Each structure stands twice: as C-alpha cells, then as structure tokens.
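K.L.:
Contents are compact mmCIF, C-alpha atoms; file name entry.txt:
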# COMPACT_ATOMS: atom_id res chain seq x y z
CA MET A 1 128.83 113.97 125.70
CA ALA A 2 127.67 112.29 122.54
CA HIS A 3 125.31 109.37 122.88
CA PHE A 4 126.63 106.01 121.77
CA GLU A 5 126.04 102.28 121.50
CA LYS A 6 128.63 99.57 121.11
CA THR A 7 127.91 96.64 118.82
CA LEU A 8 128.77 93.30 120.41
CA ASN A 9 127.89 91.14 117.45
CA GLU A 10 125.68 91.15 114.42
CA GLU A 11 124.00 88.57 112.26
CA THR A 12 122.65 88.82 108.73
CA VAL A 13 119.13 87.35 108.83
CA PHE A 14 118.01 88.14 105.26
CA THR A 15 119.84 88.96 102.05
CA GLY A 16 117.65 90.08 99.17
CA ARG A 17 118.01 91.91 95.89
CA ILE A 18 117.56 95.39 97.41
CA LEU A 19 117.52 94.82 101.17
CA THR A 20 119.81 93.17 103.67
CA VAL A 21 118.46 92.71 107.19
CA LYS A 22 120.72 92.39 110.22
CA THR A 23 120.18 91.94 113.90
CA LYS A 24 122.71 93.40 116.30
CA ASP A 25 123.37 92.93 119.97
CA VAL A 26 124.49 96.28 121.35
CA ILE A 27 125.53 97.65 124.73
CA LEU A 28 123.73 100.84 125.72
CA GLU A 29 125.10 103.74 127.74
CA ASN A 30 123.76 102.22 130.95
CA GLY A 31 125.60 98.96 130.29
CA LYS A 32 122.44 97.06 129.42
CA GLU A 33 122.20 94.91 126.32
CA GLN A 34 119.64 95.59 123.61
CA LYS A 35 118.75 94.05 120.25
CA ARG A 36 118.62 96.18 117.12
CA GLU A 37 117.00 95.28 113.80
CA ILE A 38 118.63 97.08 110.90
CA VAL A 39 117.75 97.21 107.21
CA LEU A 40 120.68 97.96 104.91
CA HIS A 41 119.81 99.72 101.64
CA ASN A 42 122.16 101.31 99.06
CA GLY A 43 120.15 104.55 99.07
CA GLY A 44 118.42 106.45 96.34
CA ALA A 45 118.46 109.55 94.17
CA ALA A 46 115.39 111.68 93.45
CA VAL A 47 114.70 114.70 91.24
CA LEU A 48 112.02 117.37 91.24
CA PRO A 49 111.70 118.62 87.64
CA VAL A 50 110.31 122.16 87.28
CA ASP A 51 109.79 123.68 83.81
CA GLU A 52 110.18 127.33 82.83
CA ASP A 53 106.47 127.98 83.42
CA GLY A 54 106.82 126.70 86.96
CA ASN A 55 105.11 123.37 86.39
CA VAL A 56 106.17 120.32 88.36
CA PHE A 57 106.22 116.76 87.02
CA LEU A 58 105.27 113.95 89.36
CA ILE A 59 104.82 110.26 88.67
CA ARG A 60 102.32 107.71 89.84
CA GLN A 61 103.28 104.09 90.29
CA PHE A 62 102.03 101.09 92.22
CA ARG A 63 103.87 100.64 95.49
CA SER A 64 103.71 97.15 96.88
CA PRO A 65 104.06 97.98 100.62
CA PHE A 66 100.88 100.09 100.42
CA GLU A 67 99.11 98.06 97.73
CA THR A 68 98.17 101.28 95.97
CA GLU A 69 99.51 103.93 93.61
CA VAL A 70 101.66 106.66 95.13
CA LEU A 71 102.41 110.14 93.74
CA GLU A 72 106.13 110.87 93.85
CA ILE A 73 109.01 112.71 92.26
CA PRO A 74 111.11 110.58 89.87
CA ALA A 75 113.58 108.50 91.85
CA GLY A 76 115.54 105.32 91.82
CA LYS A 77 117.83 103.11 93.83
CA LEU A 78 121.57 103.59 93.79
CA GLU A 79 123.84 100.80 92.70
CA LYS A 80 126.51 100.15 95.31
CA GLY A 81 129.02 103.01 95.09
CA GLU A 82 127.08 104.85 92.38
CA ASP A 83 127.29 108.64 92.26
CA PRO A 84 123.88 110.00 93.39
CA PHE A 85 123.92 112.89 90.91
CA GLU A 86 124.50 110.55 87.96
CA ALA A 87 121.69 108.33 89.24
CA ALA A 88 119.37 111.32 89.58
CA LYS A 89 119.99 112.40 85.98
CA ARG A 90 119.43 108.83 84.77
CA GLU A 91 116.17 108.40 86.68
CA LEU A 92 114.84 111.73 85.45
CA ARG A 93 115.57 110.75 81.84
CA GLU A 94 114.26 107.20 82.17
CA GLU A 95 111.06 108.03 84.03
CA THR A 96 110.03 111.34 82.46
CA GLY A 97 112.17 111.66 79.31
CA PHE A 98 113.57 114.97 80.56
CA THR A 99 117.13 116.16 80.49
CA ALA A 100 117.88 119.31 82.49
CA LYS A 101 120.31 122.18 82.00
CA HIS A 102 120.50 123.09 85.68
CA TYR A 103 120.51 121.08 88.87
CA ILE A 104 120.37 122.33 92.43
CA ASN A 105 121.31 119.95 95.23
CA LEU A 106 118.42 119.87 97.73
CA GLY A 107 120.41 117.82 100.21
CA GLU A 108 120.01 114.44 101.80
CA CYS A 109 116.89 112.92 103.28
CA TRP A 110 117.41 110.08 105.73
CA PRO A 111 113.89 108.66 105.68
CA THR A 112 113.87 106.13 108.51
CA VAL A 113 116.82 106.66 110.81
CA GLY A 114 115.49 104.30 113.45
CA PHE A 115 115.96 101.11 111.51
CA CYS A 116 117.21 101.67 107.96
CA SER A 117 120.48 102.99 106.51
CA GLU A 118 118.88 104.45 103.38
CA LYS A 119 119.91 107.97 102.34
CA ILE A 120 118.01 109.71 99.55
CA TYR A 121 119.88 112.43 97.62
CA ILE A 122 117.42 115.00 96.28
CA TYR A 123 117.89 117.43 93.38
CA LEU A 124 115.90 120.19 91.75
CA ALA A 125 116.10 120.15 87.94
CA THR A 126 115.32 123.15 85.73
CA GLY A 127 115.94 124.05 82.09
CA LEU A 128 114.11 120.91 80.95
CA THR A 129 114.22 119.40 77.46
CA GLN A 130 111.71 116.68 76.66
CA GLY A 131 113.08 113.46 75.17
CA LYS A 132 111.96 109.84 75.17
CA THR A 133 111.30 107.87 78.34
CA ASP A 134 113.22 104.64 78.85
CA PHE A 135 111.63 102.62 81.61
CA ASP A 136 113.16 99.61 83.23
CA ASP A 137 111.39 96.38 82.29
CA ASP A 138 109.58 96.25 85.62
CA GLU A 139 108.54 99.91 85.79
CA PHE A 140 105.04 101.12 85.03
CA VAL A 141 104.67 104.80 85.75
CA THR A 142 102.58 107.70 84.48
CA THR A 143 103.76 111.31 84.58
CA TYR A 144 101.42 114.11 85.70
CA LYS A 145 101.99 117.85 85.40
CA TYR A 146 100.93 120.27 88.15
CA SER A 147 101.47 123.97 88.70
CA PHE A 148 103.99 124.53 91.48
CA GLU A 149 101.24 126.09 93.58
CA ASP A 150 99.01 123.02 93.18
CA ALA A 151 101.84 120.63 93.99
CA TRP A 152 102.66 122.67 97.08
CA SER A 153 99.01 122.72 98.15
CA MET A 154 98.93 118.93 97.74
CA CYS A 155 101.86 118.75 100.16
CA MET A 156 100.19 120.98 102.70
CA ASP A 157 96.73 119.36 102.50
CA GLY A 158 98.06 115.79 102.83
CA THR A 159 97.40 114.62 99.27
CA ILE A 160 101.13 114.08 98.79
CA LYS A 161 102.43 111.75 101.48
CA ASP A 162 105.69 110.45 100.07
CA GLY A 163 108.54 111.74 102.23
CA LYS A 164 111.16 112.61 99.60
CA THR A 165 108.50 114.34 97.51
CA LEU A 166 107.37 116.48 100.46
CA VAL A 167 110.96 117.47 101.24
CA ALA A 168 111.73 118.28 97.59
CA ILE A 169 108.68 120.47 96.97
CA LEU A 170 108.82 122.24 100.33
CA LYS A 171 112.53 123.05 99.94
CA ALA A 172 112.12 124.05 96.28
CA LYS A 173 109.39 126.51 97.21
CA GLU A 174 111.92 128.43 99.27
CA LEU A 175 114.66 128.29 96.65
CA LEU A 176 112.42 129.22 93.74
CA GLY A 177 110.73 131.98 95.72
CA LYS A 178 107.32 130.48 94.96
CA MET B 179 94.03 103.43 84.18
CA ALA B 180 95.59 102.90 87.55
CA HIS B 181 98.80 100.92 87.74
CA PHE B 182 98.63 97.62 89.56
CA GLU B 183 100.40 94.46 90.60
CA LYS B 184 98.89 91.19 91.64
CA THR B 185 100.47 89.22 94.46
CA LEU B 186 100.82 85.52 93.64
CA ASN B 187 102.28 84.45 96.94
CA GLU B 188 104.25 85.83 99.83
CA GLU B 189 106.61 84.47 102.41
CA THR B 190 107.68 85.89 105.76
CA VAL B 191 111.47 85.70 105.83
CA PHE B 192 112.13 87.55 109.11
CA THR B 193 110.01 88.36 112.14
CA GLY B 194 111.62 90.72 114.63
CA ARG B 195 110.57 92.96 117.47
CA ILE B 196 109.85 95.99 115.28
CA LEU B 197 110.21 94.69 111.70
CA THR B 198 108.69 91.89 109.68
CA VAL B 199 110.25 91.18 106.29
CA LYS B 200 108.34 89.50 103.49
CA THR B 201 109.14 88.49 99.96
CA LYS B 202 106.35 88.50 97.41
CA ASP B 203 106.03 87.07 93.93
CA VAL B 204 103.89 89.50 91.94
CA ILE B 205 102.58 89.70 88.38
CA LEU B 206 103.25 93.03 86.69
CA GLU B 207 101.05 94.81 84.15
CA ASN B 208 102.96 93.20 81.30
CA GLY B 209 102.29 89.72 82.68
CA LYS B 210 105.87 89.21 83.84
CA GLU B 211 106.68 87.96 87.31
CA GLN B 212 108.77 90.00 89.69
CA LYS B 213 110.00 89.58 93.25
CA ARG B 214 109.31 92.24 95.87
CA GLU B 215 111.00 92.65 99.24
CA ILE B 216 108.76 94.36 101.76
CA VAL B 217 109.41 95.54 105.30
CA LEU B 218 106.31 95.75 107.52
CA HIS B 219 106.42 98.34 110.30
CA ASN B 220 103.61 99.57 112.57
CA GLY B 221 104.39 103.22 111.80
CA GLY B 222 105.29 106.11 114.01
CA ALA B 223 104.15 109.39 115.49
CA ALA B 224 106.29 112.53 115.64
CA VAL B 225 105.86 116.00 117.13
CA LEU B 226 107.50 119.35 116.49
CA PRO B 227 107.24 121.36 119.73
CA VAL B 228 107.34 125.16 119.30
CA ASP B 229 107.22 127.45 122.33
CA GLU B 230 105.60 130.89 122.55
CA ASP B 231 108.90 132.58 121.67
CA GLY B 232 109.12 130.55 118.48
CA ASN B 233 111.82 128.17 119.68
CA VAL B 234 111.77 124.55 118.54
CA PHE B 235 112.99 121.58 120.53
CA LEU B 236 114.91 118.83 118.78
CA ILE B 237 116.54 115.75 120.22
CA ARG B 238 119.79 113.98 119.52
CA GLN B 239 120.13 110.26 119.87
CA PHE B 240 122.37 107.51 118.59
CA ARG B 241 120.91 105.79 115.55
CA SER B 242 122.27 102.34 114.92
CA PRO B 243 121.81 102.21 111.10
CA PHE B 244 124.08 105.26 110.72
CA GLU B 245 126.33 104.55 113.73
CA THR B 246 126.08 108.19 114.73
CA GLU B 247 123.85 110.69 116.53
CA VAL B 248 120.96 112.14 114.54
CA LEU B 249 119.06 115.38 115.22
CA GLU B 250 115.29 114.78 115.10
CA ILE B 251 111.92 115.85 116.37
CA PRO B 252 110.56 113.70 119.22
CA ALA B 253 108.99 110.54 117.81
CA GLY B 254 108.20 106.96 118.57
CA LYS B 255 106.88 103.75 117.17
CA LEU B 256 103.18 102.96 117.23
CA GLU B 257 101.95 99.87 118.95
CA LYS B 258 99.76 97.83 116.63
CA GLY B 259 96.44 99.67 116.34
CA GLU B 260 97.53 102.57 118.54
CA ASP B 261 96.07 106.02 117.88
CA PRO B 262 98.86 108.16 116.36
CA PHE B 263 97.77 111.32 118.18
CA GLU B 264 97.89 109.60 121.57
CA ALA B 265 101.33 108.23 120.68
CA ALA B 266 102.51 111.69 119.64
CA LYS B 267 101.44 113.21 122.95
CA ARG B 268 103.13 110.38 124.86
CA GLU B 269 106.41 110.67 122.97
CA LEU B 270 106.51 114.44 123.44
CA ARG B 271 106.01 114.05 127.17
CA GLU B 272 108.45 111.15 127.56
CA GLU B 273 111.26 112.60 125.44
CA THR B 274 111.06 116.32 126.26
CA GLY B 275 108.83 116.54 129.34
CA PHE B 276 106.45 118.86 127.49
CA THR B 277 102.69 118.78 127.41
CA ALA B 278 101.00 120.99 124.83
CA LYS B 279 97.75 122.94 124.79
CA HIS B 280 97.40 122.94 121.01
CA TYR B 281 98.17 120.41 118.34
CA ILE B 282 98.01 120.87 114.57
CA ASN B 283 98.02 117.78 112.37
CA LEU B 284 100.86 118.16 109.86
CA GLY B 285 99.76 115.09 107.93
CA GLU B 286 101.34 111.76 107.08
CA CYS B 287 104.83 111.10 105.83
CA TRP B 288 105.38 107.79 104.05
CA PRO B 289 109.15 107.68 104.28
CA THR B 290 110.13 104.78 102.04
CA VAL B 291 107.25 103.80 99.79
CA GLY B 292 109.39 101.51 97.63
CA PHE B 293 109.95 98.84 100.23
CA CYS B 294 108.44 99.68 103.62
CA SER B 295 104.88 100.10 104.89
CA GLU B 296 105.79 102.64 107.57
CA LYS B 297 103.60 105.74 107.90
CA ILE B 298 104.71 108.56 110.19
CA TYR B 299 101.98 110.84 111.59
CA ILE B 300 103.38 114.31 112.26
CA TYR B 301 102.02 116.99 114.60
CA LEU B 302 102.92 120.53 115.54
CA ALA B 303 102.59 121.23 119.28
CA THR B 304 102.25 124.71 120.76
CA GLY B 305 101.24 126.08 124.15
CA LEU B 306 103.97 124.06 125.86
CA THR B 307 104.24 123.36 129.59
CA GLN B 308 107.47 121.88 130.86
CA GLY B 309 107.20 118.76 133.01
CA LYS B 310 109.45 115.82 133.76
CA THR B 311 110.88 113.56 131.04
CA ASP B 312 110.17 109.86 131.30
CA PHE B 313 112.45 107.94 128.98
CA ASP B 314 112.06 104.33 128.06
CA ASP B 315 114.77 102.14 129.59
CA ASP B 316 116.65 101.91 126.31
CA GLU B 317 116.41 105.58 125.35
CA PHE B 318 119.27 108.04 125.71
CA VAL B 319 118.42 111.39 124.21
CA THR B 320 119.37 115.03 124.77
CA THR B 321 117.05 117.93 123.95
CA TYR B 322 118.35 121.04 122.19
CA LYS B 323 116.55 124.36 121.73
CA TYR B 324 116.84 126.35 118.49
CA SER B 325 115.13 129.46 117.20
CA PHE B 326 112.68 128.56 114.46
CA GLU B 327 114.83 130.45 111.98
CA ASP B 328 117.94 128.48 112.92
CA ALA B 329 116.10 125.15 112.73
CA TRP B 330 114.76 126.11 109.32
CA SER B 331 118.23 127.14 108.13
CA MET B 332 119.55 123.78 109.32
CA CYS B 333 116.94 122.11 107.11
CA MET B 334 117.86 124.19 104.09
CA ASP B 335 121.65 123.89 104.50
CA GLY B 336 121.60 120.12 104.97
CA THR B 337 122.49 120.02 108.68
CA ILE B 338 119.13 118.38 109.40
CA LYS B 339 118.78 115.23 107.31
CA ASP B 340 116.07 113.24 109.08
CA GLY B 341 113.05 113.03 106.79
CA LYS B 342 110.20 113.50 109.28
CA THR B 343 112.05 116.43 110.87
CA LEU B 344 112.52 118.15 107.50
CA VAL B 345 108.83 117.69 106.66
CA ALA B 346 107.70 118.94 110.08
CA ILE B 347 109.82 122.10 110.12
CA LEU B 348 109.20 122.99 106.46
CA LYS B 349 105.44 122.57 106.81
CA ALA B 350 105.35 124.39 110.16
CA LYS B 351 107.15 127.37 108.63
CA GLU B 352 104.19 127.86 106.31
CA LEU B 353 101.58 127.36 109.00
CA LEU B 354 103.26 129.58 111.57
CA GLY B 355 104.00 132.28 108.98
CA LYS B 356 107.70 132.20 109.93
Would you mind writing the file's structure down as structure tokens?

P.N.:
Amino acid sequence: MAHFEKTLNEETVFTGRILTVKTKDVILENGKEQKREIVLHNGGAAVLPVDEDGNVFLIRQFRSPFETEVLEIPAGKLEKGEDPFEAAKRELREETGFTAKHYINLGECWPTVGFCSEKIYIYLATGLTQGKTDFDDDEFVTTYKYSFEDAWSMCMDGTIKDGKTLVAILKAKELLGK
Amino acid sequence: MAHFEKTLNEETVFTGRILTVKTKDVILENGKEQKREIVLHNGGAAVLPVDEDGNVFLIRQFRSPFETEVLEIPAGKLEKGEDPFEAAKRELREETGFTAKHYINLGECWPTVGFCSEKIYIYLATGLTQGKTDFDDDEFVTTYKYSFEDAWSMCMDGTIKDGKTLVAILKAKELLGK
C-alpha cells in the first residue's frame, strides 16, 4: 500500500518574491498528528552547454545562502506556468550568450523533497553559437570553460557541489559517451 | 575578481522546527539594493547501500511538498553540529536495518544554492549486514531492492527524480565500475 498523509489544515506563514512558506497539520498513517513546514517555489530550468570540442561552460556567481561564489550550470527560476524548455533556452542565452541547435532533455531534479516543492528541469545543449549575453539587472556572473573530462573530475572530487550541476554533468557523461 | 554581495540587514520572518526563513537587504556589485529570501536548514546525510551482489536499496515515503511518494536513498536531517557520517550511519540503520563495513564519501550536494543553505553529505555503503529497522515515530517508509543496473536506468530515464539519489547512484556507478 502506498504511504500517505492527510492534510488537516494549512497556513501561509511567509509570502515573498520567490518563496512562499506554509505550515501544515497532517494526520499520519498511525493516526497521529504532525506538523510540516513546506517551501513553495515555482521551480527552475537549467542547461549544460557543451561545444563541438567537448568543452563545458559553467558560471560562477555569489550565492547568498552560502555567502560565497558557487560554480553551476546556467539556470533560472520559472515564472508561474512558464514552459521549462523556453526558460532553459532564455537562461542559456542571457547568462552565456549561447544559442544551441540541439537540446536533450536530461530529466527532472527534485532537489529537496523533504520540505520544498521545487522541480528543476535540466537540459543538455549542443551545436552552440556564441552571441551576446543579456544579464538581468541583479545578475553578476562569470562564465568559465572546462574540458568535459575536467568538469567531470570536478564532480567526482567534490569541487562541484551544486546539485543540478552534478546531475547534469554525470548524466551527460553517459549520453555523450565521454 | 570574485563576485560579492554585502548584507545591509536581515530579518527572521519564520522560525520553524526544521526551517528558518530570513529576508536580507543586500548591496550588489553595481551598488543597487536587492532583497534576498533565504531558507536556513541544518543539512542532511544520505547513504546509498549496495550489497555484495550489486543490489541497491531505495526507500519510498510520502513527501508532503509533492503530495506523493518519492523514491530515495535513506537520508535524514542533521541535528545542529552533528557529524554527517554519524548521521548517515544512523539513518541507514534506522530506515533499512543495515549496518555497513565500508563507507565511501561521495561528497557534498548543495541542492538549492539560490535560496537555501542546506548541504547534503552523501555516502556509499558496502559490506552490508541486515539488522532491525528502527523508524522514528513519524516515519513510514518501505524499502525496495533493485539491481544497480535497474537503479541506474531509473536515473537516466527520469523515474528517479530526487536530487541526492541521482547524485549518489550516478557517482557510485563510476566508483563501482558498473
């Protein structure tokens, strides 16, 4: 039998620009009551760009929760109801200047299933053409180029820690036969 | 030059059992002010158990943010200051009944760097001995056994969506030479 919980009531305790936080009272399978804390997030789209020589393009930006720069694949938040593939193409263009001839869907990554509804839709982009970047006003990012092998090694040795970036590079390795 | 932001002030807008939510006013590199919404979380520890025949053990449990069951590796929240490796061993024992002779550190996964401070510490466990499970009062989980190849295929075909589980299985494939 599938596991389940039944929500008795819920309350919105914070409404921000990107996050909504709710508390829920739920009934568990044993009939006991439990509180849940849930973060609602519209989700994101992310793209691993790989050029014809097998180089990977990653970006560095300051990430406030860690108070440091983080190395990641280009990505951005979805607007409510936005198509993830359109968002992925937009973020790739805005953050790296690339447009891509070919996209492969690398599937969904649900980063924090315990408390947050975010889904990240990940794509692999090849057949790249370099154009101009077009950052949002509040975005400060720098693009770095790595060989696929180096990027993969940085996943395996712990240099790359960002979840969606790990998933993208590790899945792409299989698909690209690297 | 490294990218940076400077925090002007911050306010705690929600304090829960597992999450604390803050808003920050920051100054960006261009001198403009921006608001950040940050979720603080103590982090987690997760373990991929693989037996001597190459089978992996995954668990299914109801996850409130998605209102459905999710297939994951055994994992749990860290208490503040808790050693991730000790937590990983505990969660493996509690959720699957296994103790393991050998652990390999699969590194950190930072699942949602844009808005949450959570770090997940991931381990691969081999040399398994089956004991008794010991669930927390509010935990209802079922363990499923898969061949490594099937678990890996479920990562690649999108059946497995949980971020830490994708990272664990994809990294383990490389390390175990599967």

K.L.:
Listing only residues of chain B within 8 Å of chain A, what is the closest atom pair and its distance in Å (to one decimal) for each, using all atoms listed in the file, sorted by chain and residue number ascending, as CSV?

P.N.:
residue,atom,partner,partner_atom,distance
B:Ala180,CA,A:Glu69,CA,7.3
B:His181,CA,A:Phe62,CA,5.5
B:Phe182,CA,A:Phe62,CA,5.5
B:Glu183,CA,A:Phe62,CA,7.0
B:Val191,CA,A:Phe14,CA,7.0
B:Phe192,CA,A:Val13,CA,7.0
B:Gly194,CA,A:Glu37,CA,7.1
B:Arg195,CA,A:Glu37,CA,7.8
B:Ile196,CA,A:Glu37,CA,7.3
B:Leu197,CA,A:Glu37,CA,7.1
B:Leu206,CA,A:Asp138,CA,7.2
B:Glu207,CA,A:Phe140,CA,7.5
B:Gln212,CA,A:Asp138,CA,7.5
B:Arg214,CA,A:Ser64,CA,7.5
B:Glu215,CA,A:Gly16,CA,7.1
B:Ile216,CA,A:Pro65,CA,6.0
B:Val217,CA,A:Pro65,CA,7.5
B:Leu218,CA,A:Pro65,CA,7.6
B:Arg238,CA,A:His3,CA,7.9
B:Gln239,CA,A:His3,CA,6.1
B:Phe240,CA,A:His3,CA,5.5
B:Arg241,CA,A:Gly114,CA,6.0
B:Ser242,CA,A:Gly114,CA,7.2
B:Pro243,CA,A:Ser117,CA,4.8
B:Phe244,CA,A:Ser117,CA,6.0
B:Thr246,CA,A:Phe4,CA,7.4
B:Glu247,CA,A:His3,CA,6.6
B:Val248,CA,A:Val113,CA,7.8
B:Leu284,CA,A:Met156,CA,7.7
B:Gly285,CA,A:Gly158,CA,5.4
B:Glu286,CA,A:Lys161,CA,5.7
B:Cys287,CA,A:Lys161,CA,5.0
B:Trp288,CA,A:Asp162,CA,4.8
B:Pro289,CA,A:Gly163,CA,4.6
B:Thr290,CA,A:Pro111,CA,6.5
B:Val291,CA,A:Arg63,CA,6.3
B:Gly292,CA,A:Arg63,CA,6.0
B:Phe293,CA,A:Pro65,CA,6.0
B:Cys294,CA,A:Pro65,CA,5.6
B:Ser295,CA,A:Pro65,CA,4.8
B:Asp316,CA,A:Leu28,CA,7.2
B:Phe318,CA,A:His3,CA,6.8
B:Val319,CA,A:His3,CA,7.3
B:Met334,CA,A:Lys171,CA,6.9
B:Asp335,CA,A:Gly107,CA,7.5
B:Gly336,CA,A:Gly107,CA,5.4
B:Lys339,CA,A:Cys109,CA,5.0
B:Asp340,CA,A:Trp110,CA,4.8
B:Gly341,CA,A:Pro111,CA,4.6
B:Lys342,CA,A:Pro111,CA,7.1
B:Leu344,CA,A:Val167,CA,6.5
B:Val345,CA,A:Val167,CA,5.8
B:Leu348,CA,A:Leu170,CA,6.2
B:Lys349,CA,A:Met156,CA,6.9

K.L.:
Give me, please, the distance in Å between CA of Lys258 (chain B) and CA of Ala224 (chain B), quoted to one decimal.

P.N.:
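About the pair CA of Lys258 (chain B) and CA of Ala224 (chain B): they are 16.1 Å apart.
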
K.L.:
Please provide the set of residues having any atom within 12 Å of Lys145 (chain A), restricted to all atoms listed in the file, with same-chain residues fewer than 4 positions apart removed, written as an MDAnalysis selection string.

P.N.:
chainID A and resid 48:51 53:60 71:73 96 149:151

K.L.:
Could you please take those selected residues and save C-alpha atoms as a PDB file, in the coordinates of the input?

P.N.:
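Dumped everything to result21.pdb:
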ATOM      1  CA  LEU A  48     112.020 117.370  91.240  1.00  0.00           C
ATOM      2  CA  PRO A  49     111.700 118.620  87.640  1.00  0.00           C
ATOM      3  CA  VAL A  50     110.310 122.160  87.280  1.00  0.00           C
ATOM      4  CA  ASP A  51     109.790 123.680  83.810  1.00  0.00           C
ATOM      5  CA  ASP A  53     106.470 127.980  83.420  1.00  0.00           C
ATOM      6  CA  GLY A  54     106.820 126.700  86.960  1.00  0.00           C
ATOM      7  CA  ASN A  55     105.110 123.370  86.390  1.00  0.00           C
ATOM      8  CA  VAL A  56     106.170 120.320  88.360  1.00  0.00           C
ATOM      9  CA  PHE A  57     106.220 116.760  87.020  1.00  0.00           C
ATOM     10  CA  LEU A  58     105.270 113.950  89.360  1.00  0.00           C
ATOM     11  CA  ILE A  59     104.820 110.260  88.670  1.00  0.00           C
ATOM     12  CA  ARG A  60     102.320 107.710  89.840  1.00  0.00           C
ATOM     13  CA  LEU A  71     102.410 110.140  93.740  1.00  0.00           C
ATOM     14  CA  GLU A  72     106.130 110.870  93.850  1.00  0.00           C
ATOM     15  CA  ILE A  73     109.010 112.710  92.260  1.00  0.00           C
ATOM     16  CA  THR A  96     110.030 111.340  82.460  1.00  0.00           C
ATOM     17  CA  GLU A 149     101.240 126.090  93.580  1.00  0.00           C
ATOM     18  CA  ASP A 150      99.010 123.020  93.180  1.00  0.00           C
ATOM     19  CA  ALA A 151     101.840 120.630  93.990  1.00  0.00           C
TER      20      ALA A 151
END

K.L.:
I'd like the interatomic distance between CA of Glu91 (chain A) and CA of Ile104 (chain A), to a tenth of an Å.

P.N.:
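These atoms are spaced 15.6 Å apart.
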
K.L.:
Around the point (119.2, 117.6, 85.6) (coordinates from the file), which residues reach within 10 Å if we count all atoms listed in the file? Answer as a PyMOL selection string.

P.N.:
chain A and resi 47-49+85-86+88-93+98-104+123-129

K.L.:
To one decimal place, how far is CA of Gly275 (chain B) from CA of Asp261 (chain B) in Å?

P.N.:
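Computed distance, CA of Gly275 (chain B) to CA of Asp261 (chain B), equals 20.1 Å.
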
K.L.:
Padding 3 Å on each side, edges along x, y and z: where is the centre of the box around the listed atoms of region 92-108 of chain A, and how long are its edges in Å to one decimal? Output it as lines of an AutoDock Vina configuration file.

P.N.:
center_x = 115.7
center_y = 115.1
center_z = 90.6
size_x = 17.3
size_y = 21.9
size_z = 28.5

K.L.:
Rank nothing, just name the residue among A:Met154, A:Gly43, A:Glu94, A:Ser147 nearest to Lys132 (chain A), using only C-alpha atoms.

P.N.:
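Using only C-alpha atoms, the shortest distance to Lys132 (chain A) belongs to A:Glu94.
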
K.L.:
Take region 226-240 of chain B, bring it up to N, CA and C atoms, and give me the output as a PDB file, keeping the file's coordinate frame.

P.N.:
ATOM      1  N   LEU B 226     106.627 118.179 116.449  1.00  0.00           N
ATOM      2  CA  LEU B 226     107.500 119.350 116.490  1.00  0.00           C
ATOM      3  C   LEU B 226     106.973 120.298 117.563  1.00  0.00           C
ATOM      4  N   PRO B 227     107.690 120.431 118.698  1.00  0.00           N
ATOM      5  CA  PRO B 227     107.240 121.360 119.730  1.00  0.00           C
ATOM      6  C   PRO B 227     107.810 122.758 119.489  1.00  0.00           C
ATOM      7  N   VAL B 228     106.933 123.759 119.503  1.00  0.00           N
ATOM      8  CA  VAL B 228     107.340 125.160 119.300  1.00  0.00           C
ATOM      9  C   VAL B 228     106.796 125.981 120.458  1.00  0.00           C
ATOM     10  N   ASP B 229     107.694 126.686 121.167  1.00  0.00           N
ATOM     11  CA  ASP B 229     107.220 127.450 122.330  1.00  0.00           C
ATOM     12  C   ASP B 229     106.716 128.832 121.911  1.00  0.00           C
ATOM     13  N   GLU B 230     106.262 129.609 122.891  1.00  0.00           N
ATOM     14  CA  GLU B 230     105.600 130.890 122.550  1.00  0.00           C
ATOM     15  C   GLU B 230     106.582 131.929 122.016  1.00  0.00           C
ATOM     16  N   ASP B 231     107.897 131.686 122.246  1.00  0.00           N
ATOM     17  CA  ASP B 231     108.900 132.580 121.670  1.00  0.00           C
ATOM     18  C   ASP B 231     109.360 132.119 120.297  1.00  0.00           C
ATOM     19  N   GLY B 232     108.754 131.037 119.809  1.00  0.00           N
ATOM     20  CA  GLY B 232     109.120 130.550 118.480  1.00  0.00           C
ATOM     21  C   GLY B 232     110.328 129.625 118.483  1.00  0.00           C
ATOM     22  N   ASN B 233     110.712 129.137 119.650  1.00  0.00           N
ATOM     23  CA  ASN B 233     111.820 128.170 119.680  1.00  0.00           C
ATOM     24  C   ASN B 233     111.309 126.764 119.422  1.00  0.00           C
ATOM     25  N   VAL B 234     112.125 125.953 118.769  1.00  0.00           N
ATOM     26  CA  VAL B 234     111.770 124.550 118.540  1.00  0.00           C
ATOM     27  C   VAL B 234     112.721 123.683 119.351  1.00  0.00           C
ATOM     28  N   PHE B 235     112.223 122.504 119.702  1.00  0.00           N
ATOM     29  CA  PHE B 235     112.990 121.580 120.530  1.00  0.00           C
ATOM     30  C   PHE B 235     113.240 120.306 119.736  1.00  0.00           C
ATOM     31  N   LEU B 236     114.522 120.022 119.530  1.00  0.00           N
ATOM     32  CA  LEU B 236     114.910 118.830 118.780  1.00  0.00           C
ATOM     33  C   LEU B 236     115.733 117.939 119.698  1.00  0.00           C
ATOM     34  N   ILE B 237     115.771 116.669 119.377  1.00  0.00           N
ATOM     35  CA  ILE B 237     116.540 115.750 120.220  1.00  0.00           C
ATOM     36  C   ILE B 237     117.641 115.090 119.406  1.00  0.00           C
ATOM     37  N   ARG B 238     118.689 114.752 120.121  1.00  0.00           N
ATOM     38  CA  ARG B 238     119.790 113.980 119.520  1.00  0.00           C
ATOM     39  C   ARG B 238     119.830 112.618 120.171  1.00  0.00           C
ATOM     40  N   GLN B 239     119.933 111.592 119.334  1.00  0.00           N
ATOM     41  CA  GLN B 239     120.130 110.260 119.870  1.00  0.00           C
ATOM     42  C   GLN B 239     120.951 109.432 118.891  1.00  0.00           C
ATOM     43  N   PHE B 240     121.564 108.403 119.412  1.00  0.00           N
ATOM     44  CA  PHE B 240     122.370 107.510 118.590  1.00  0.00           C
ATOM     45  C   PHE B 240     121.444 106.666 117.738  1.00  0.00           C
TER      46      PHE B 240
END
